[in-house]
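First up is the structure itself, then whatever we jot down about it.
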Amino acid sequence: MAAPRARRINIPLRHVALVCGAMLFALLGKVTYIQALDADRLNADPRNHQTMIARFAGPRGEILLRDGTVIATSRDGGGADYRYRRVYPAGPLYAPVTGHISLYGGAGIEKAEDAVLSGGDPRVKVRSLVYGTESGATLKLTIDGRAQRAAYEALRATGLRGAVVAITPATGAILAMVSLPSYDPNLYTTFDGARLDGIDRRLQADPGRPLLNRAIQQNYPPGSAFKIVTSAAALTSGRYSPTTKVDAPEALRLPGTGTYLRNAGGTACGDGNPPLAYAFKTSCNTPFAKIGIDLGQDALREQAEAFGFGADDLTVPMPVARSVYPPEMDRAQTAMSALGQFDDRATPLMIAMISAAVANDGVLMRPYLVEEVRLADGTVIDETEPSRYRQTLDEHEANRLTAMMVTVTRPGGTGTAAAIPGVDVAAKTGTAENAASGQDHAIFTSFAPAADPRVAVGVLVEHGGFGGQVAAPVAKAVMRAVLGDPG
């Protein structure tokens, strides 16, 4: 009689064993999920104190200019928890490019290339394990120190907010990227949590928005700089050439409205029937509005998209805000869009890219900031190969458009303030209406030398007024720095 009793007693024990086994398998499954699948999310959680300690336990890779100048490095402070502190020797000068790394996370290149800088990238991690090194990889940028400083100082001299971008037309390498007002990224490298919180709240609340990289994160009405796109569409259509006479009334009634469009200052455009090249040189409004109506919104949109308007695939490696050419419009709106008004929007980077495309025989190269990634032992594990981004127009039309742009900086043109003695500068001025404040933005885009382009520049000065007066000298300073002309 004892055996059956023992079997009855073992039944609940088996149930307990099964439950324990299921719990064990569930626990193993959870651990596997956390370590294999959910690790990235947990590591990125700002509440993860161990992740923050690990981030500053070893030195991050340095960030260098194209000539090797260090603009971001790590210094050993000997702290118990946070040992290595990030240092930015030039402060606000390169902040729009480098961004910062802090207990709160990162911005700019520091954020976009965090994996290689921190050593988390598999290519860097494997090498570190083999050679026993602790530091991340070094980034060599395309930024030219002379161009960056020239852009920074010239824009700061205006006393206004804005942005400047300079590009090498043949490769897409970004030579300068400035945004003002800027900030000192060293403020973010403190390990004092209360102080860091106060600094961040102050900068976030600053009406000047110093943390905003206006060069790539903000778009603006491009104003008359967009007449390059309209001219490209006109030349490509086969119905216009630089010598084609265009109708340029002193006042043009916009179709379907009672509104009259006039030229800047209310003046006439030549004799009322000037060549297209003259209308471009003097930046007349009425003939370009009529060209926009004649070509139609589809032709203008196709040409704008060829320059990159509407694209959301651009990173440098930081993401770039979209430049916009409007969707469906009526004829009056199309006329205004041909002038870079209505709902046209362009980043300062795009303003530079427009000139870079014309300069490079109509081929727009993909812009980029990182030239190479190098390990601590000097081994280069990644190097950017220049790549084609867009075919904007053919070489013949690009050459004709270049000739039109050169006249802008010659006597009688609207961009003479950017003229450089002994150098042919191709350019276009812009004065963009800003409905939000009623104060026009000053815009300028250019490249030089016209026959052998080495630099293309885009400048936007918020509330600066006439681009030929305020933005053109900024572009001139940058071109001179790149060309080696001290001025």
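Residue names in the structure tokens use chain letters A, B, ... in the order shown, residue numbers from 1 in each chain, and ligand numbers from 1 in the order shown.
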
Checklist entry - Neighbours of stretch 274-283 of chain A within 6 Å (only C-alpha atoms; same-chain residues fewer than 2 positions away dropped), as a PyMOL selection string? => result chain A and resi 242-246+270+404+407-408+413-414

Item to check | Test item: residues at most 8 Å from A:Tyr389, only C-alpha atoms, excluding those fewer than 6 positions along its chain, as a ChimeraX atom specification | outcome: /A:363-366

Checklist entry - Can you tell me, as JSON, numbers by chain, what residues are no more than 10 Å from A:Asp294 when counting only C-alpha atoms, ignoring any on the same chain fewer than 5 positions away? => result {"A": [234, 288, 289, 299, 331, 334, 335]}

Select from stretch 214-423 of chain A everything DSSP, run on the backbone, classes as strand (DSSP E or B), then give the selection as a CSV table (one decimal) with N, CA and C atoms, in the first residue's frame.
chain,number,residue,atom,x,y,z
A,220,TYR,N,15.2,78.4,-46.0
A,220,TYR,CA,14.7,79.8,-46.1
A,220,TYR,C,14.2,80.0,-47.5
A,245,LYS,N,15.6,88.0,-76.4
A,245,LYS,CA,14.9,89.1,-75.8
A,245,LYS,C,13.8,88.7,-75.0
A,251,ALA,N,5.9,96.9,-64.6
A,251,ALA,CA,5.0,96.3,-63.6
A,251,ALA,C,4.3,95.2,-64.3
A,252,LEU,N,4.1,94.1,-63.7
A,252,LEU,CA,3.5,92.9,-64.3
A,252,LEU,C,2.3,92.5,-63.4
A,253,ARG,N,1.1,92.4,-63.9
A,253,ARG,CA,0.0,92.0,-63.2
A,253,ARG,C,0.0,90.5,-63.1
A,260,TYR,N,0.3,93.6,-58.6
A,260,TYR,CA,1.3,93.9,-59.6
A,260,TYR,C,2.7,93.6,-59.0
A,261,LEU,N,3.5,93.0,-59.8
A,261,LEU,CA,4.9,92.7,-59.4
A,261,LEU,C,5.7,93.7,-60.1
A,262,ARG,N,6.7,94.2,-59.3
A,262,ARG,CA,7.6,95.2,-59.9
A,262,ARG,C,9.1,94.8,-59.6
A,275,PRO,N,17.9,91.4,-73.4
A,275,PRO,CA,18.4,90.0,-73.5
A,275,PRO,C,18.2,89.3,-72.1
A,315,THR,N,22.8,63.4,-46.3
A,315,THR,CA,23.5,63.5,-45.0
A,315,THR,C,24.9,63.8,-45.3
A,319,PRO,N,22.1,64.7,-40.8
A,319,PRO,CA,21.0,64.9,-41.7
A,319,PRO,C,20.8,66.3,-42.1
A,324,VAL,N,12.8,72.9,-50.6
A,324,VAL,CA,11.5,72.6,-51.2
A,324,VAL,C,11.1,73.5,-52.3
A,345,ARG,N,11.8,77.0,-50.6
A,345,ARG,CA,12.7,77.0,-49.5
A,345,ARG,C,14.0,76.3,-49.8
A,346,ALA,N,15.1,76.8,-49.3
A,346,ALA,CA,16.4,76.2,-49.5
A,346,ALA,C,17.3,76.4,-48.3
A,363,VAL,N,27.2,68.9,-63.3
A,363,VAL,CA,27.2,67.7,-62.4
A,363,VAL,C,27.3,68.1,-60.9
A,364,LEU,N,26.3,67.8,-60.2
A,364,LEU,CA,26.3,68.1,-58.7
A,364,LEU,C,26.9,66.9,-58.0
A,365,MET,N,28.0,67.1,-57.3
A,365,MET,CA,28.6,66.0,-56.5
A,365,MET,C,27.9,66.0,-55.1
A,368,TYR,N,30.0,66.3,-48.6
A,368,TYR,CA,30.4,65.4,-47.5
A,368,TYR,C,31.4,66.2,-46.6
A,370,VAL,N,33.4,64.2,-43.9
A,370,VAL,CA,34.4,63.3,-43.4
A,370,VAL,C,35.3,62.8,-44.6
A,371,GLU,N,36.6,63.1,-44.5
A,371,GLU,CA,37.5,62.7,-45.6
A,371,GLU,C,38.0,61.3,-45.3
A,372,GLU,N,38.4,61.0,-44.1
A,372,GLU,CA,38.9,59.6,-43.8
A,372,GLU,C,38.7,59.3,-42.3
A,373,VAL,N,38.7,58.0,-42.0
A,373,VAL,CA,38.6,57.5,-40.7
A,373,VAL,C,39.9,56.7,-40.4
A,374,ARG,N,40.6,57.1,-39.3
A,374,ARG,CA,41.9,56.5,-39.1
A,374,ARG,C,42.0,56.0,-37.7
A,380,VAL,N,44.2,53.6,-42.0
A,380,VAL,CA,43.0,54.2,-42.6
A,380,VAL,C,42.0,53.1,-42.9
A,381,ILE,N,40.8,53.1,-42.2
A,381,ILE,CA,39.8,52.1,-42.4
A,381,ILE,C,38.7,52.5,-43.3
A,382,ASP,N,38.6,53.8,-43.5
A,382,ASP,CA,37.5,54.3,-44.4
A,382,ASP,C,38.0,55.6,-45.0
A,383,GLU,N,37.7,55.8,-46.3
A,383,GLU,CA,38.1,57.0,-47.0
A,383,GLU,C,36.9,57.4,-48.0
A,388,ARG,N,28.9,61.2,-57.6
A,388,ARG,CA,27.9,62.0,-58.3
A,388,ARG,C,26.6,62.0,-57.6
A,389,TYR,N,25.9,63.1,-57.4
A,389,TYR,CA,24.7,63.2,-56.7
A,389,TYR,C,23.5,63.5,-57.7
A,390,ARG,N,23.7,64.5,-58.6
A,390,ARG,CA,22.7,64.9,-59.5
A,390,ARG,C,23.3,65.4,-60.9
A,391,GLN,N,22.6,65.1,-62.0
A,391,GLN,CA,22.9,65.8,-63.2
A,391,GLN,C,21.9,66.9,-63.4
A,420,ILE,N,36.7,90.0,-57.3
A,420,ILE,CA,38.0,89.8,-56.9
A,420,ILE,C,38.9,90.2,-58.0
A,423,VAL,N,40.4,87.8,-60.9
A,423,VAL,CA,39.6,86.5,-60.9
A,423,VAL,C,38.2,86.7,-61.4

Item to check | Shell around stretch 70-72 of chain A at 8 Å using only C-alpha atoms, local window under 2 positions removed, as an NGL selection string | outcome: :A and (62-65 or 68 or 74 or 86-90 or 94 or 98)

Item to check | Option closest in space to A:Ala359, from A:Arg480, A:Arg75, A:Arg322, A:Arg400 [counting only C-alpha atoms] | outcome: A:Arg400

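Between atom CA of A:Ala151 and atom CA of A:Ala448 the separation is 15.6 Å.
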
Item to check | Long-range neighbours of stretch 155-163 of chain A as JSON, numbers by chain, 10 Å cut-off, only C-alpha atoms, 5 positions minimum in chain | outcome: {"A": [96, 149, 150, 177, 178, 179, 180, 181, 182, 208, 209, 210, 213, 214, 215, 216, 218, 347, 348, 349, 441, 442, 443, 458, 459, 460, 461, 462, 463, 464, 470, 471, 473, 474, 475, 477]}
